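S.K.: Input structure: structure.pdb, which contains PDB, C-alpha atoms.
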```pdb
ATOM      1  CA  MET A   8     108.328 241.648  77.851
ATOM      2  CA  ASN A   9     107.304 240.252  81.200
ATOM      3  CA  GLU A  10     105.286 237.573  79.450
ATOM      4  CA  PHE A  11     108.374 236.360  77.592
ATOM      5  CA  GLN A  12     110.368 236.353  80.808
ATOM      6  CA  ASN A  13     107.678 234.323  82.564
ATOM      7  CA  LEU A  14     107.585 231.910  79.641
ATOM      8  CA  ASP A  15     111.372 231.472  79.795
ATOM      9  CA  GLN A  16     111.184 230.919  83.523
ATOM     10  CA  LEU A  17     108.500 228.272  83.076
ATOM     11  CA  LYS A  18     110.588 226.510  80.436
ATOM     12  CA  THR A  19     113.674 226.681  82.666
ATOM     13  CA  SER A  20     111.700 225.346  85.625
ATOM     14  CA  ALA A  21     110.249 222.499  83.538
ATOM     15  CA  ARG A  22     113.695 221.650  82.195
ATOM     16  CA  ARG A  23     115.143 221.657  85.693
ATOM     17  CA  LYS A  24     112.371 219.366  86.970
ATOM     18  CA  LYS A  25     112.933 217.012  84.050
ATOM     19  CA  ILE A  26     116.661 216.863  84.784
ATOM     20  CA  ILE A  27     116.049 216.209  88.470
ATOM     21  CA  ARG A  28     113.506 213.500  87.645
ATOM     22  CA  ASN A  29     115.919 211.805  85.233
ATOM     23  CA  VAL A  30     118.733 211.985  87.793
ATOM     24  CA  VAL A  31     116.544 210.356  90.434
ATOM     25  CA  ILE A  32     115.372 207.654  88.009
ATOM     26  CA  TYR A  33     118.876 206.789  86.832
ATOM     27  CA  LEU A  34     120.178 206.882  90.390
ATOM     28  CA  CYS A  35     117.518 204.389  91.489
ATOM     29  CA  LEU A  36     118.235 202.193  88.463
ATOM     30  CA  THR A  37     121.957 202.310  89.221
ATOM     31  CA  VAL A  38     121.404 201.292  92.845
ATOM     32  CA  TRP A  39     119.102 198.472  91.726
ATOM     33  CA  ALA A  40     121.613 197.290  89.107
ATOM     34  CA  VAL A  41     124.386 197.206  91.715
ATOM     35  CA  MET A  42     122.184 195.183  94.071
ATOM     36  CA  VAL A  43     121.341 192.695  91.310
ATOM     37  CA  LEU A  44     124.827 192.363  89.839
ATOM     38  CA  PHE A  45     126.823 192.359  93.077
ATOM     39  CA  PRO A  46     126.201 188.638  93.840
ATOM     40  CA  PHE A  47     127.554 187.744  90.376
ATOM     41  CA  TYR A  48     130.594 189.954  90.938
ATOM     42  CA  TRP A  49     131.210 188.371  94.338
ATOM     43  CA  MET A  50     130.833 184.892  92.866
ATOM     44  CA  ILE A  51     133.403 185.575  90.134
ATOM     45  CA  LEU A  52     135.732 187.351  92.560
ATOM     46  CA  THR A  53     135.639 184.453  95.017
ATOM     47  CA  SER A  54     136.264 181.952  92.227
ATOM     48  CA  VAL A  55     139.613 183.569  91.327
ATOM     49  CA  LYS A  56     140.881 183.754  94.907
ATOM     50  CA  SER A  57     143.209 181.061  96.160
ATOM     51  CA  TYR A  58     142.142 178.880  99.053
ATOM     52  CA  ALA A  59     144.744 180.417 101.361
ATOM     53  CA  SER A  60     143.877 183.954 100.310
ATOM     54  CA  TYR A  61     140.154 183.473 100.844
ATOM     55  CA  ASN A  62     140.500 181.862 104.269
ATOM     56  CA  GLY A  63     143.070 184.453 105.340
ATOM     57  CA  GLU A  64     140.591 187.316 104.915
ATOM     58  CA  TYR A  65     139.178 188.156 108.308
ATOM     59  CA  ILE A  66     137.386 191.073 106.633
ATOM     60  CA  PRO A  67     136.106 190.246 103.120
ATOM     61  CA  LYS A  68     137.910 192.171 100.377
ATOM     62  CA  PHE A  69     136.140 193.424  97.280
ATOM     63  CA  PHE A  70     139.169 192.813  95.036
ATOM     64  CA  THR A  71     142.193 190.561  94.732
ATOM     65  CA  LEU A  72     145.719 191.345  93.605
ATOM     66  CA  SER A  73     146.647 187.734  92.871
ATOM     67  CA  PRO A  74     143.866 186.056  90.866
ATOM     68  CA  THR A  75     144.181 182.370  90.033
ATOM     69  CA  LEU A  76     142.396 179.954  87.699
ATOM     70  CA  GLN A  77     143.361 176.874  89.695
ATOM     71  CA  ASN A  78     139.852 176.629  91.118
ATOM     72  CA  TYR A  79     138.418 176.194  87.625
ATOM     73  CA  SER A  80     140.855 173.388  86.925
ATOM     74  CA  ASP A  81     139.877 171.706  90.178
ATOM     75  CA  ALA A  82     136.191 171.978  89.292
ATOM     76  CA  PHE A  83     136.710 169.601  86.355
ATOM     77  CA  THR A  84     139.322 167.303  87.877
ATOM     78  CA  GLN A  85     138.121 166.681  91.418
ATOM     79  CA  VAL A  86     134.610 165.679  90.310
ATOM     80  CA  PRO A  87     133.306 164.582  86.855
ATOM     81  CA  LEU A  88     131.745 167.970  86.113
ATOM     82  CA  ALA A  89     132.049 167.437  82.341
ATOM     83  CA  ARG A  90     129.860 164.307  82.590
ATOM     84  CA  TYR A  91     127.304 166.254  84.584
ATOM     85  CA  PHE A  92     127.264 168.840  81.804
ATOM     86  CA  VAL A  93     126.528 166.140  79.230
ATOM     87  CA  ASN A  94     123.755 164.674  81.405
ATOM     88  CA  THR A  95     122.212 168.115  81.846
ATOM     89  CA  ILE A  96     122.319 168.844  78.117
ATOM     90  CA  ILE A  97     120.597 165.521  77.325
ATOM     91  CA  PHE A  98     117.978 166.089  80.021
ATOM     92  CA  THR A  99     117.364 169.700  78.941
ATOM     93  CA  LEU A 100     117.077 169.076  75.203
ATOM     94  CA  ILE A 101     114.778 166.039  75.428
ATOM     95  CA  THR A 102     112.569 167.552  78.128
ATOM     96  CA  THR A 103     112.206 170.879  76.320
ATOM     97  CA  ALA A 104     111.470 169.298  72.944
ATOM     98  CA  ALA A 105     108.845 166.948  74.399
ATOM     99  CA  MET A 106     107.224 169.738  76.400
ATOM    100  CA  VAL A 107     106.965 172.075  73.400
ATOM    101  CA  VAL A 108     105.156 169.411  71.389
ATOM    102  CA  ILE A 109     102.738 168.587  74.216
ATOM    103  CA  ILE A 110     101.867 172.145  75.236
ATOM    104  CA  THR A 111     101.471 173.261  71.611
ATOM    105  CA  LEU A 112      98.940 170.540  70.877
ATOM    106  CA  ALA A 113      97.128 171.149  74.178
ATOM    107  CA  ALA A 114      97.010 174.920  73.690
ATOM    108  CA  PHE A 115      95.707 174.486  70.134
ATOM    109  CA  ALA A 116      92.960 172.156  71.340
ATOM    110  CA  PHE A 117      91.801 174.601  74.013
ATOM    111  CA  ALA A 118      92.069 177.635  71.745
ATOM    112  CA  ARG A 119      90.576 176.406  68.472
ATOM    113  CA  LEU A 120      88.906 173.005  68.680
ATOM    114  CA  GLN A 121      85.248 172.895  69.669
ATOM    115  CA  PHE A 122      84.296 170.039  71.956
ATOM    116  CA  ARG A 123      81.819 169.498  74.758
ATOM    117  CA  GLY A 124      83.008 170.739  78.147
ATOM    118  CA  ARG A 125      86.038 172.573  76.771
ATOM    119  CA  ASN A 126      85.769 175.561  79.129
ATOM    120  CA  ILE A 127      85.109 173.376  82.156
ATOM    121  CA  ALA A 128      88.044 171.129  81.279
ATOM    122  CA  PHE A 129      90.314 174.149  80.874
ATOM    123  CA  ALA A 130      89.170 175.604  84.216
ATOM    124  CA  LEU A 131      89.859 172.281  85.928
ATOM    125  CA  PHE A 132      93.196 172.153  84.181
ATOM    126  CA  LEU A 133      94.108 175.607  85.483
ATOM    127  CA  SER A 134      93.091 174.564  88.987
ATOM    128  CA  LEU A 135      96.082 172.209  88.977
ATOM    129  CA  MET A 136      98.237 175.311  89.412
ATOM    130  CA  MET A 137      96.782 175.649  92.909
ATOM    131  CA  ILE A 138      98.263 172.321  94.037
ATOM    132  CA  PRO A 139     101.472 172.835  96.068
ATOM    133  CA  ASN A 140     104.574 171.671  94.256
ATOM    134  CA  GLU A 141     105.574 169.534  97.232
ATOM    135  CA  LEU A 142     102.477 167.357  96.790
ATOM    136  CA  VAL A 143     103.222 166.946  93.089
ATOM    137  CA  ILE A 144     106.800 165.911  93.831
ATOM    138  CA  ILE A 145     105.610 163.281  96.322
ATOM    139  CA  THR A 146     103.106 161.872  93.823
ATOM    140  CA  ASN A 147     105.669 161.860  91.027
ATOM    141  CA  PHE A 148     108.236 160.157  93.246
ATOM    142  CA  VAL A 149     105.824 157.358  94.161
ATOM    143  CA  THR A 150     104.773 156.934  90.523
ATOM    144  CA  ILE A 151     108.312 156.866  89.123
ATOM    145  CA  THR A 152     109.457 154.503  91.863
ATOM    146  CA  ASN A 153     106.567 152.103  91.213
ATOM    147  CA  MET A 154     107.433 152.174  87.511
ATOM    148  CA  ASP A 155     111.029 151.235  88.421
ATOM    149  CA  LEU A 156     112.383 154.304  86.619
ATOM    150  CA  ARG A 157     114.649 155.662  89.319
ATOM    151  CA  ASN A 158     118.232 156.360  88.229
ATOM    152  CA  SER A 159     117.245 156.740  84.590
ATOM    153  CA  PHE A 160     116.852 159.604  82.153
ATOM    154  CA  LEU A 161     113.239 158.586  81.594
ATOM    155  CA  GLY A 162     112.526 159.008  85.285
ATOM    156  CA  LEU A 163     114.153 162.421  85.223
ATOM    157  CA  ILE A 164     112.312 163.583  82.118
ATOM    158  CA  LEU A 165     108.727 162.322  82.410
ATOM    159  CA  PRO A 166     107.483 164.588  85.245
ATOM    160  CA  SER A 167     108.829 167.682  83.471
ATOM    161  CA  ILE A 168     107.386 167.356  79.970
ATOM    162  CA  THR A 169     104.276 169.429  80.565
ATOM    163  CA  SER A 170     103.354 172.695  82.255
ATOM    164  CA  VAL A 171      99.905 174.109  82.979
ATOM    165  CA  PHE A 172     101.244 177.663  82.993
ATOM    166  CA  TYR A 173     102.921 177.332  79.588
ATOM    167  CA  ILE A 174      99.777 175.774  78.127
ATOM    168  CA  TYR A 175      97.759 178.708  79.454
ATOM    169  CA  LEU A 176     100.272 181.242  78.105
ATOM    170  CA  LEU A 177     100.357 179.694  74.638
ATOM    171  CA  LYS A 178      96.587 179.173  74.568
ATOM    172  CA  GLU A 179      96.061 182.906  75.206
ATOM    173  CA  ASN A 180      98.396 183.687  72.307
ATOM    174  CA  PHE A 181      96.598 181.284  69.981
ATOM    175  CA  ALA A 182      93.273 182.843  70.988
ATOM    176  CA  GLN A 183      94.472 186.255  69.763
ATOM    177  CA  ILE A 184      94.722 184.993  66.181
ATOM    178  CA  PRO A 185      91.531 186.008  64.337
ATOM    179  CA  ASP A 186      88.982 183.242  63.863
ATOM    180  CA  GLU A 187      88.562 184.333  60.240
ATOM    181  CA  LEU A 188      91.971 182.865  59.395
ATOM    182  CA  TYR A 189      90.921 179.515  60.789
ATOM    183  CA  TYR A 190      87.589 179.491  58.949
ATOM    184  CA  ALA A 191      89.246 180.558  55.688
ATOM    185  CA  ALA A 192      91.785 177.748  56.051
ATOM    186  CA  LYS A 193      89.003 175.216  56.675
ATOM    187  CA  VAL A 194      87.196 176.426  53.540
ATOM    188  CA  ASP A 195      90.383 175.843  51.548
ATOM    189  CA  GLY A 196      90.521 172.299  52.879
ATOM    190  CA  THR A 197      93.434 172.863  55.298
ATOM    191  CA  GLY A 198      93.535 170.377  58.150
ATOM    192  CA  ASP A 199      93.961 171.376  61.766
ATOM    193  CA  MET A 200      97.525 170.140  61.999
ATOM    194  CA  LYS A 201      98.576 171.930  58.832
ATOM    195  CA  TYR A 202      96.900 175.135  60.044
ATOM    196  CA  LEU A 203      98.732 174.841  63.361
ATOM    197  CA  LEU A 204     102.109 174.369  61.680
ATOM    198  CA  ARG A 205     101.674 176.884  58.863
ATOM    199  CA  VAL A 206      99.762 179.705  60.581
ATOM    200  CA  MET A 207      99.538 179.601  64.365
ATOM    201  CA  ILE A 208     103.074 178.574  65.253
ATOM    202  CA  PRO A 209     104.748 181.172  62.963
ATOM    203  CA  LEU A 210     102.489 183.942  64.298
ATOM    204  CA  CYS A 211     103.213 182.988  67.912
ATOM    205  CA  ARG A 212     106.919 182.321  67.446
ATOM    206  CA  PRO A 213     108.081 184.976  70.007
ATOM    207  CA  THR A 214     106.035 183.345  72.752
ATOM    208  CA  ILE A 215     107.167 179.838  71.808
ATOM    209  CA  VAL A 216     110.799 180.959  71.798
ATOM    210  CA  THR A 217     110.274 182.526  75.229
ATOM    211  CA  ILE A 218     108.762 179.304  76.573
ATOM    212  CA  ILE A 219     111.658 177.279  75.176
ATOM    213  CA  ILE A 220     114.240 179.551  76.795
ATOM    214  CA  LEU A 221     112.442 179.600  80.141
ATOM    215  CA  LYS A 222     112.137 175.813  80.064
ATOM    216  CA  ILE A 223     115.830 175.438  79.282
ATOM    217  CA  ILE A 224     116.657 177.625  82.267
ATOM    218  CA  GLU A 225     114.250 175.639  84.434
ATOM    219  CA  CYS A 226     115.786 172.318  83.408
ATOM    220  CA  TRP A 227     119.337 173.608  83.802
ATOM    221  CA  ASN A 228     118.606 174.815  87.340
ATOM    222  CA  SER A 229     116.573 171.763  88.329
ATOM    223  CA  TYR A 230     117.768 170.484  91.682
ATOM    224  CA  ILE A 231     115.128 168.968  93.973
ATOM    225  CA  TRP A 232     113.680 166.388  91.566
ATOM    226  CA  PRO A 233     117.019 165.105  90.177
ATOM    227  CA  ARG A 234     118.401 164.933  93.711
ATOM    228  CA  LEU A 235     115.349 163.003  94.871
ATOM    229  CA  ILE A 236     115.033 160.524  92.021
ATOM    230  CA  THR A 237     118.726 159.753  91.399
ATOM    231  CA  ASP A 238     121.419 158.519  93.733
ATOM    232  CA  ASP A 239     123.673 157.247  90.945
ATOM    233  CA  PRO A 240     126.405 159.772  89.945
ATOM    234  CA  ASP A 241     126.057 158.575  86.340
ATOM    235  CA  TYR A 242     122.748 160.485  86.174
ATOM    236  CA  TYR A 243     123.690 163.566  88.182
ATOM    237  CA  LEU A 244     122.999 166.983  86.677
ATOM    238  CA  VAL A 245     125.210 170.042  87.126
ATOM    239  CA  SER A 246     123.092 171.358  89.995
ATOM    240  CA  ASN A 247     123.586 168.066  91.843
ATOM    241  CA  GLY A 248     127.254 168.182  90.944
ATOM    242  CA  ILE A 249     127.624 171.307  93.065
ATOM    243  CA  GLN A 250     126.313 169.384  96.053
ATOM    244  CA  GLU A 251     128.718 166.518  95.359
ATOM    245  CA  ILE A 252     131.569 169.009  95.174
ATOM    246  CA  ARG A 253     130.503 170.336  98.555
ATOM    247  CA  GLU A 254     130.212 166.897 100.129
ATOM    248  CA  ASN A 255     132.808 164.731  98.430
ATOM    249  CA  GLY A 256     135.022 166.846  96.217
ATOM    250  CA  PHE A 257     136.870 169.680  97.867
ATOM    251  CA  GLY A 258     135.458 169.639 101.337
ATOM    252  CA  ARG A 259     132.916 171.945 102.846
ATOM    253  CA  GLU A 260     135.386 174.745 103.504
ATOM    254  CA  ASN A 261     136.781 175.254  99.988
ATOM    255  CA  ILE A 262     134.363 177.979  98.917
ATOM    256  CA  PRO A 263     136.514 179.361  96.033
ATOM    257  CA  ALA A 264     136.484 175.986  94.249
ATOM    258  CA  MET A 265     132.721 175.723  94.666
ATOM    259  CA  MET A 266     132.255 179.253  93.304
ATOM    260  CA  ALA A 267     134.371 178.342  90.268
ATOM    261  CA  ALA A 268     132.049 175.444  89.524
ATOM    262  CA  VAL A 269     129.023 177.723  89.967
ATOM    263  CA  VAL A 270     130.508 180.232  87.509
ATOM    264  CA  VAL A 271     131.085 177.505  84.921
ATOM    265  CA  ILE A 272     127.503 176.283  85.334
ATOM    266  CA  SER A 273     126.029 179.791  85.153
ATOM    267  CA  VAL A 274     127.833 180.996  82.034
ATOM    268  CA  PRO A 275     125.675 179.085  79.474
ATOM    269  CA  LEU A 276     122.462 180.506  80.947
ATOM    270  CA  ILE A 277     123.830 184.045  81.026
ATOM    271  CA  ILE A 278     124.907 183.789  77.385
ATOM    272  CA  LEU A 279     121.525 182.329  76.422
ATOM    273  CA  PHE A 280     119.668 185.169  78.118
ATOM    274  CA  LEU A 281     121.878 187.879  76.583
ATOM    275  CA  ILE A 282     121.351 186.457  73.100
ATOM    276  CA  PHE A 283     117.580 186.028  73.339
ATOM    277  CA  ARG A 284     116.636 188.759  75.840
ATOM    278  CA  LYS A 285     114.689 190.755  73.229
ATOM    279  CA  LYS A 286     112.679 187.709  72.204
ATOM    280  CA  ILE A 287     111.950 186.919  75.845
ATOM    281  CA  MET A 288     110.637 190.424  76.460
ATOM    282  CA  ALA A 289     108.587 190.350  73.252
ATOM    283  CA  GLY A 290     107.095 186.968  74.093
ATOM    284  CA  VAL A 291     106.161 187.970  77.640
ATOM    285  CA  ALA A 292     104.670 191.243  76.426
ATOM    286  CA  ARG A 293     102.644 189.432  73.777
ATOM    287  CA  GLY A 294     101.449 186.891  76.334
ATOM    288  CA  GLY A 295     100.157 189.712  78.528
ATOM    289  CA  THR A 296      98.295 191.484  75.724
ATOM    290  CA  LYS A 297      94.735 190.606  74.888
ATOM    291  CA  GLY A 298      93.096 191.582  71.617
TER     292      GLY A 298
END
```
Would it be possible to restate this file's structure as structure tokens?
M.R.:
Amino acid sequence: MNEFQNLDQLKTSARRKKIIRNVVIYLCLTVWAVMVLFPFYWMILTSVKSYASYNGEYIPKFFTLSPTLQNYSDAFTQVPLARYFVNTIIFTLITTAAMVVIITLAAFAFARLQFRGRNIAFALFLSLMMIPNELVIITNFVTITNMDLRNSFLGLILPSITSVFYIYLLKENFAQIPDELYYAAKVDGTGDMKYLLRVMIPLCRPTIVTIIILKIIECWNSYIWPRLITDDPDYYLVSNGIQEIRENGFGRENIPAMMAAVVVISVPLIILFLIFRKKIMAGVARGGTKG
């Protein structure tokens, strides 16, 4: 009888420990979620406050009883935010499409083609990741300026159409595909390009989709390079539009109007991430798995 009582006590103790552990885990996750989501909440809250209401708060309030959408109207009327959206879409689509083509061909060459000095070339290629981004920006600025491509979409796009990290990530995925498939395709007379399009790309689709999404986010948030290479508002992107709003649109003190513009700019990326979050996680997980 005592043995059964001890067994029940052990089960009760284990159940209690499991409950406590789960409570602690979910409590930590809740705190972390609040810390991550609070800036977005504050951004949206500020965007629906009127100018007078916001500036009249000596102590910031975490709610508002009189929300307004006037700030969103101002975001599109005081500065040409719609044109900046169009510029950003053009820049993002062309840059992403060109980059996917380039990194796919480069990753295939490093993963499957046999040529002298391949490993050394790949190691040297990876060493480019060690160069500070500031030095790359300076070099790109001098090159684009000498080519007389400032204030043009070509000048915006060219420095962004390749990525050493994405080539490395996709090359590691291609390398996981068994060599037997490649040799069998060669026996059947399949060319390298056909094998790439018919076999490797479909098998590595999660990673490619992840790279596309990450590149879209990178292009959408691009700020330093567009600000450096363009001083013509006709080629401004949405990130530069925020700066123009701050300097020339509403004035430096109208924070609610600026937050409204930030919300409008952020919504497409949030929707994109929510739609493709599972593919992003699958692609990253596959990129980190070997064998």
S.K.: Report, as lines of an AutoDock Vina configuration file, the axis-aligned box around all atoms of segment 244-248 of chain A present in the file, extended by 6 Å on each side; give centre and edge lengths in Å to one decimal place.
M.R.:
```
center_x = 125.1
center_y = 169.2
center_z = 89.3
size_x = 16.3
size_y = 16.4
size_z = 17.2
```
S.K.: With only C-alpha atoms as the atoms that count, which of A:Val216, A:Ile138, A:Val269, A:Ile249 lies nearest to Arg284 of chain A?
M.R.: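 Of all the options, A:Val216 lies closest to Arg284 of chain A.
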S.K.: Apply the PyMOL selection byres ((chain A and resi 98) around 12) to the file shown and report the selected residues as a ChimeraX atom specification.
M.R.: /A:91-97,99-106,159-168,222-229,233,242-245
S.K.: Segment 18-120 of chain A near segment 170-186 of chain A within 8 Å: what's each residue's closest atom pair and its distance in Å to one decimal, counting all atoms listed in the file, ordered by chain then ascending residue number, as a tab-separated table?
M.R.:
```
residue	atom	partner	partner_atom	distance
A:Met106	CA	A:Ser170	CA	7.6
A:Ile110	CA	A:Ile174	CA	5.1
A:Thr111	CA	A:Ile174	CA	7.2
A:Ala113	CA	A:Ile174	CA	6.6
A:Ala114	CA	A:Lys178	CA	4.4
A:Phe115	CA	A:Lys178	CA	6.5
A:Phe117	CA	A:Lys178	CA	6.6
A:Ala118	CA	A:Ala182	CA	5.4
A:Arg119	CA	A:Ala182	CA	7.4
```
S.K.: Near segment 61-73 of chain A, within 9 Å and counting only C-alpha atoms, which residues show up once chain neighbours fewer than 2 positions away are dropped, as a VMD selection string?
M.R.: chain A and resid 49 52 to 53 55 to 59 75 260 to 263
S.K.: Need to verify the contact set: Asp81 of chain A, 12 Å, only C-alpha atoms, exclusion of same-chain residues closer than 5 positions in sequence. Can you return it as a list in words?
M.R.: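 Residues meeting the cut-off are Ser54, Val55, Ser57, Tyr58, Thr75, Leu76, Val86, Pro87, Leu88, Ala89, Ile252, Gly256, Phe257, Asn261, Pro263, Ala264, Met265, Met266, Ala267, Ala268 and Val271 of chain A.
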S.K.: How many Å lie between atom CA of Ala192 of chain A and atom CA of Phe122 of chain A, rounded to one decimal?
M.R.: 19.2 Å
S.K.: Expressed in Å to a single decimal, how great is the separation between atom CA of Ile145 of chain A and atom CA of Asn126 of chain A?
M.R.: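 Separation between atom CA of Ile145 of chain A and atom CA of Asn126 of chain A: 29.0 Å.
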S.K.: With only C-alpha atoms as the atoms that count, which of A:Leu133, A:Lys286, A:Phe148, A:Asp199 lies nearest to Ile215 of chain A?
M.R.: A:Lys286
S.K.: Just give me the gap between atom CA of Val108 of chain A and atom CA of Phe132 of chain A in Å, one decimal is fine.
M.R.: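 Calculated distance between atom CA of Val108 of chain A and atom CA of Phe132 of chain A is 17.7 Å.
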S.K.: Find the residue from A:Met288, A:Met154, A:Leu203, A:Val270 that sits nearest to Asn78 of chain A; use all atoms listed in the file when measuring.
M.R.: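 Looking only at the distances to Asn78 of chain A, the closest residue turns out to be A:Val270.
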S.K.: Against segment 272-282 of chain A, which residues of segment 40-62 of chain A fall within 12 Å? For each one I want the closest pair of atoms and the distance in Å (one decimal), counting all atoms listed in the file, rows by chain and increasing residue number, as CSV.
M.R.:
```
residue,atom,partner,partner_atom,distance
A:Phe47,CA,A:Ser273,CA,9.6
A:Met50,CA,A:Ser273,CA,10.4
A:Ile51,CA,A:Ser273,CA,10.6
```
S.K.: Determine the nearest neighbour of Leu120 of chain A from the options A:Met200, A:Arg205, A:Arg212, A:Trp39, counting all atoms listed in the file.
M.R.: A:Met200
S.K.: Have a look at A:Leu112, A:Ile26, A:Val107, A:Ala128 and name the one nearest to Thr169 of chain A; count only C-alpha atoms.
M.R.: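 Counting only C-alpha atoms, the residue closest to Thr169 of chain A is A:Val107.
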